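Let me begin by presenting the structure, written as structure tokens, before commenting on it.
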Amino acid sequence: GAVVSQHPSRVICKSGTSVKIECRSLDFQATTMFWYRQFPKQSLMLMATSNEGSKATYEQGVEKDKFLINHASLTLSTLTVTSAHPEDSSFYICSATPTTGVGQPQHFGDGTRLSIL
Amino acid sequence: GQQLNQSPQSMFIQEGEDVSMNCTSSSIFNTWLWYKQDPGEGPVLLIALYKAGELTSNGRLTAQFGITRKDSFLNISASIPSDVGIYFCAGRQDSGGGADGLTFGKGTHLIIQP
């Protein structure tokens, strides 16, 4: 149980392109999902918290107009990297916590490798 | 932002040896989690700790939630080749009743020599 699916797994595109990444909880509902970014040989850094039906909350230093988050249903959150540039190249990973039950651990998707040429 | 100090950064061990790694923080966390990440994949949850002083096992893995809520350790007994990977500790504050994101340590890269 507690499977999180992320799509696509890899994107290679030109500078200036906008890229959308989907995160789905397959067997549970998630009021809250999280987006992380991981640069090579580094740890995961929380970018934003995605809340179903309301605005996402962003960590300090993360541009909300650059990284658009939409959480339109209890099983889907999307992250759109707008006008991506080479410095946005990274491994983007989402996670979700089941709505039911207090203090449930977060389950992660398999990540999206974004490469901007 | 907050950071977790995870050590060691890397470990080179022989198959069959026991492994120990730990995380410390200057802040209190009310949940500690340990994940393993293989190359090109997302982290996979190994053990979740919810109570200060809690000691939890998952097969050959044992983790403890420090009594001060500022540290945790993970032990792996009798290591096998498939234990190779990067292990991350993560803390969650669980404050305010809402779901909180995780703060991760920098990872421990476990390498097993045949």
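Scheme for the structure tokens: letters A, B, ... for chains in order shown; per-chain residue numbers from 1; ligand numbers from 1 in order shown.
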
Q) How would you write, as an NGL selection string, the set of residues in chain B that DSSP gives as strand (DSSP E)? A) :B and (4-7 or 10-14 or 19-25 or 31-37 or 44-49 or 55-58 or 61-65 or 71-76 or 85-92 or 103-104 or 108-113)

Each residue of stretch 18-108 of chain B with at least one atom at most 9 Å from stretch 38-57 of chain A should appear once, together with its nearest atom pair and the corresponding distance in Å (one decimal); atoms considered: only C-alpha atoms; ordering: chain, then increasing residue number; output as a Markdown table.
```
| residue | atom | partner | partner_atom | distance |
| --- | --- | --- | --- | --- |
| B:Phe88 | CA | A:Ser43 | CA | 8.0 |
| B:Ala99 | CA | A:Thr49 | CA | 8.7 |
| B:Asp100 | CA | A:Thr49 | CA | 7.9 |
| B:Gly101 | CA | A:Leu46 | CA | 6.6 |
| B:Leu102 | CA | A:Leu46 | CA | 6.9 |
| B:Thr103 | CA | A:Leu46 | CA | 7.2 |
| B:Phe104 | CA | A:Leu44 | CA | 6.3 |
| B:Gly105 | CA | A:Ser43 | CA | 6.7 |
| B:Lys106 | CA | A:Ser43 | CA | 4.9 |
| B:Gly107 | CA | A:Ser43 | CA | 6.5 |
```

Q.
Taking only C-alpha atoms into account and nothing else, which residues of chain A lie no more than 10 Å away from chain B? Please answer as JSON, numbers by chain.
A. {"A": [4, 6, 9, 10, 31, 32, 33, 34, 35, 36, 41, 42, 43, 44, 45, 46, 47, 48, 49, 51, 59, 60, 91, 92, 93, 94, 95, 96, 97, 99, 102, 103, 104, 105, 106, 107, 108, 109, 110, 111, 112, 113]}

Could you please take those selected residues and save N, CA and C atoms as a short mmCIF file (atom, residue, chain, number, x, y, z; two decimals), in the first residue's frame?
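Once written, again-v7.cif looks like this:
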```
data_model
loop_
_atom_site.label_atom_id
_atom_site.label_comp_id
_atom_site.auth_asym_id
_atom_site.auth_seq_id
_atom_site.Cartn_x
_atom_site.Cartn_y
_atom_site.Cartn_z
N VAL A 4 3.02 6.02 -4.38
CA VAL A 4 3.00 7.34 -5.00
C VAL A 4 3.64 7.22 -6.38
N GLN A 6 4.89 9.10 -9.93
CA GLN A 6 5.34 10.39 -10.44
C GLN A 6 5.60 10.25 -11.94
N SER A 9 9.25 10.32 -15.69
CA SER A 9 10.42 9.98 -14.90
C SER A 9 11.65 10.77 -15.37
N ARG A 10 11.59 11.18 -16.64
CA ARG A 10 12.74 11.94 -17.15
C ARG A 10 12.26 12.92 -18.21
N THR A 31 -4.50 14.88 1.36
CA THR A 31 -4.83 16.30 1.41
C THR A 31 -3.59 17.14 1.17
N THR A 32 -2.47 16.62 1.61
CA THR A 32 -1.21 17.34 1.50
C THR A 32 -0.18 16.52 0.76
N MET A 33 0.48 17.15 -0.18
CA MET A 33 1.61 16.54 -0.86
C MET A 33 2.78 17.51 -0.79
N PHE A 34 3.96 17.00 -0.97
CA PHE A 34 5.16 17.81 -0.84
C PHE A 34 6.04 17.67 -2.08
N TRP A 35 6.71 18.75 -2.41
CA TRP A 35 7.65 18.72 -3.53
C TRP A 35 9.05 19.02 -3.00
N TYR A 36 9.99 18.16 -3.41
CA TYR A 36 11.39 18.30 -3.01
C TYR A 36 12.25 18.39 -4.26
N LYS A 41 24.40 14.35 -5.71
CA LYS A 41 25.19 14.06 -4.52
C LYS A 41 24.79 14.93 -3.32
N GLN A 42 23.57 15.44 -3.34
CA GLN A 42 23.10 16.24 -2.21
C GLN A 42 21.81 15.64 -1.65
N SER A 43 21.36 16.26 -0.58
CA SER A 43 20.17 15.76 0.08
C SER A 43 18.91 16.33 -0.57
N LEU A 44 17.78 15.89 -0.11
CA LEU A 44 16.50 16.42 -0.59
C LEU A 44 16.19 17.71 0.18
N MET A 45 15.74 18.70 -0.57
CA MET A 45 15.37 19.97 0.05
C MET A 45 13.90 20.23 -0.25
N LEU A 46 13.14 20.52 0.79
CA LEU A 46 11.72 20.80 0.63
C LEU A 46 11.54 22.10 -0.13
N MET A 47 10.73 22.06 -1.20
CA MET A 47 10.45 23.26 -1.97
C MET A 47 9.13 23.88 -1.54
N ALA A 48 8.10 23.03 -1.45
CA ALA A 48 6.76 23.57 -1.19
C ALA A 48 5.85 22.48 -0.69
N THR A 49 4.81 22.93 -0.01
CA THR A 49 3.75 22.04 0.48
C THR A 49 2.51 22.32 -0.35
N ASN A 51 -1.39 21.88 -0.98
CA ASN A 51 -2.61 21.64 -0.21
C ASN A 51 -3.80 21.54 -1.14
N GLU A 59 8.75 27.20 0.55
CA GLU A 59 9.86 27.41 1.46
C GLU A 59 10.61 28.69 1.06
N GLN A 60 11.31 29.22 2.03
CA GLN A 60 12.06 30.44 1.78
C GLN A 60 13.04 30.23 0.64
N PHE A 91 16.74 16.78 -9.79
CA PHE A 91 15.85 15.63 -9.55
C PHE A 91 14.72 16.15 -8.67
N TYR A 92 13.49 16.12 -9.19
CA TYR A 92 12.34 16.62 -8.45
C TYR A 92 11.55 15.41 -7.94
N ILE A 93 11.26 15.42 -6.65
CA ILE A 93 10.60 14.27 -6.03
C ILE A 93 9.39 14.75 -5.24
N CYS A 94 8.28 14.06 -5.39
CA CYS A 94 7.11 14.41 -4.60
C CYS A 94 6.89 13.36 -3.52
N SER A 95 6.16 13.75 -2.51
CA SER A 95 5.76 12.79 -1.48
C SER A 95 4.34 13.11 -1.05
N ALA A 96 3.71 12.14 -0.43
CA ALA A 96 2.34 12.32 0.03
C ALA A 96 2.14 11.59 1.35
N THR A 97 1.28 12.14 2.15
CA THR A 97 0.91 11.54 3.44
C THR A 97 -0.57 11.22 3.41
N THR A 99 -4.35 11.01 4.17
CA THR A 99 -5.20 11.93 4.90
C THR A 99 -5.68 11.32 6.21
N VAL A 102 -3.28 10.08 12.08
CA VAL A 102 -2.41 11.18 12.51
C VAL A 102 -0.95 10.76 12.44
N GLY A 103 -0.12 11.65 11.94
CA GLY A 103 1.31 11.39 11.96
C GLY A 103 1.78 10.31 11.01
N GLN A 104 1.09 10.07 9.94
CA GLN A 104 1.51 9.06 8.98
C GLN A 104 2.83 9.48 8.32
N PRO A 105 3.69 8.51 8.00
CA PRO A 105 4.94 8.87 7.33
C PRO A 105 4.67 9.27 5.88
N GLN A 106 5.62 9.99 5.29
CA GLN A 106 5.51 10.38 3.90
C GLN A 106 6.05 9.27 3.00
N HIS A 107 5.35 9.07 1.90
CA HIS A 107 5.78 8.09 0.90
C HIS A 107 6.15 8.84 -0.37
N PHE A 108 7.26 8.46 -0.94
CA PHE A 108 7.83 9.21 -2.05
C PHE A 108 7.57 8.56 -3.41
N GLY A 109 7.45 9.42 -4.41
CA GLY A 109 7.45 8.95 -5.79
C GLY A 109 8.87 8.61 -6.20
N ASP A 110 9.03 8.14 -7.42
CA ASP A 110 10.34 7.75 -7.92
C ASP A 110 11.12 8.90 -8.54
N GLY A 111 10.56 10.10 -8.50
CA GLY A 111 11.31 11.27 -8.94
C GLY A 111 11.23 11.53 -10.43
N THR A 112 11.52 12.77 -10.80
CA THR A 112 11.60 13.19 -12.20
C THR A 112 12.94 13.85 -12.42
N ARG A 113 13.71 13.29 -13.33
CA ARG A 113 15.01 13.87 -13.66
C ARG A 113 14.79 14.91 -14.74
#
```

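Look at A:Lys14: the protein and nucleic acid residues within 6 Å of it, using only C-alpha atoms and passing over chain neighbours fewer than 2 places away, are A:Thr17, A:Ile116, A:Leu117.
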
May I have the residues from that selection written out with C-alpha atoms, as a PDB file, in the first residue's frame?
```pdb
ATOM      1  CA  THR A  17      10.314  25.497 -22.003  1.00  0.00           C
ATOM      2  CA  ILE A 116      17.447  21.665 -19.387  1.00  0.00           C
ATOM      3  CA  LEU A 117      19.738  22.153 -22.349  1.00  0.00           C
TER       4      LEU A 117
END
```

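Counting only C-alpha atoms, A:Phe28 has the following residues at most 9 Å away, ignoring those fewer than 6 positions along the same chain: Gly1, Ala2, Val3, Val4, Leu74, Thr75, Thr97, Pro98, Thr99 and Thr100 of chain A.
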
List as a tab-separated table every residue of stretch 44-79 of chain B that is in contact with stretch 6-29 of chain B, defined as an atom at most 12 Å from one of its atoms (using only C-alpha atoms), together with the nearest atom pair and the distance in Å rounded to one decimal, sorted by chain and then rising number.
```
residue	atom	partner	partner_atom	distance
B:Leu49	CA	B:Phe29	CA	10.4
B:Tyr50	CA	B:Phe29	CA	9.4
B:Lys51	CA	B:Phe29	CA	10.0
B:Ala52	CA	B:Phe29	CA	9.5
B:Arg60	CA	B:Asp18	CA	9.5
B:Leu61	CA	B:Val19	CA	9.4
B:Thr62	CA	B:Ser20	CA	9.5
B:Ala63	CA	B:Asn22	CA	9.3
B:Gln64	CA	B:Asn22	CA	9.5
B:Phe65	CA	B:Phe29	CA	9.7
B:Gly66	CA	B:Thr24	CA	9.1
B:Ile67	CA	B:Ile28	CA	10.4
B:Thr68	CA	B:Ile28	CA	7.6
B:Arg69	CA	B:Ile28	CA	5.3
B:Lys70	CA	B:Ile28	CA	5.0
B:Asp71	CA	B:Thr24	CA	4.3
B:Ser72	CA	B:Cys23	CA	5.4
B:Phe73	CA	B:Asn22	CA	4.1
B:Leu74	CA	B:Met21	CA	5.4
B:Asn75	CA	B:Ser20	CA	4.4
B:Ile76	CA	B:Val19	CA	4.9
B:Ser77	CA	B:Asp18	CA	4.4
B:Ala78	CA	B:Gly16	CA	4.2
B:Ser79	CA	B:Gly16	CA	4.7
```
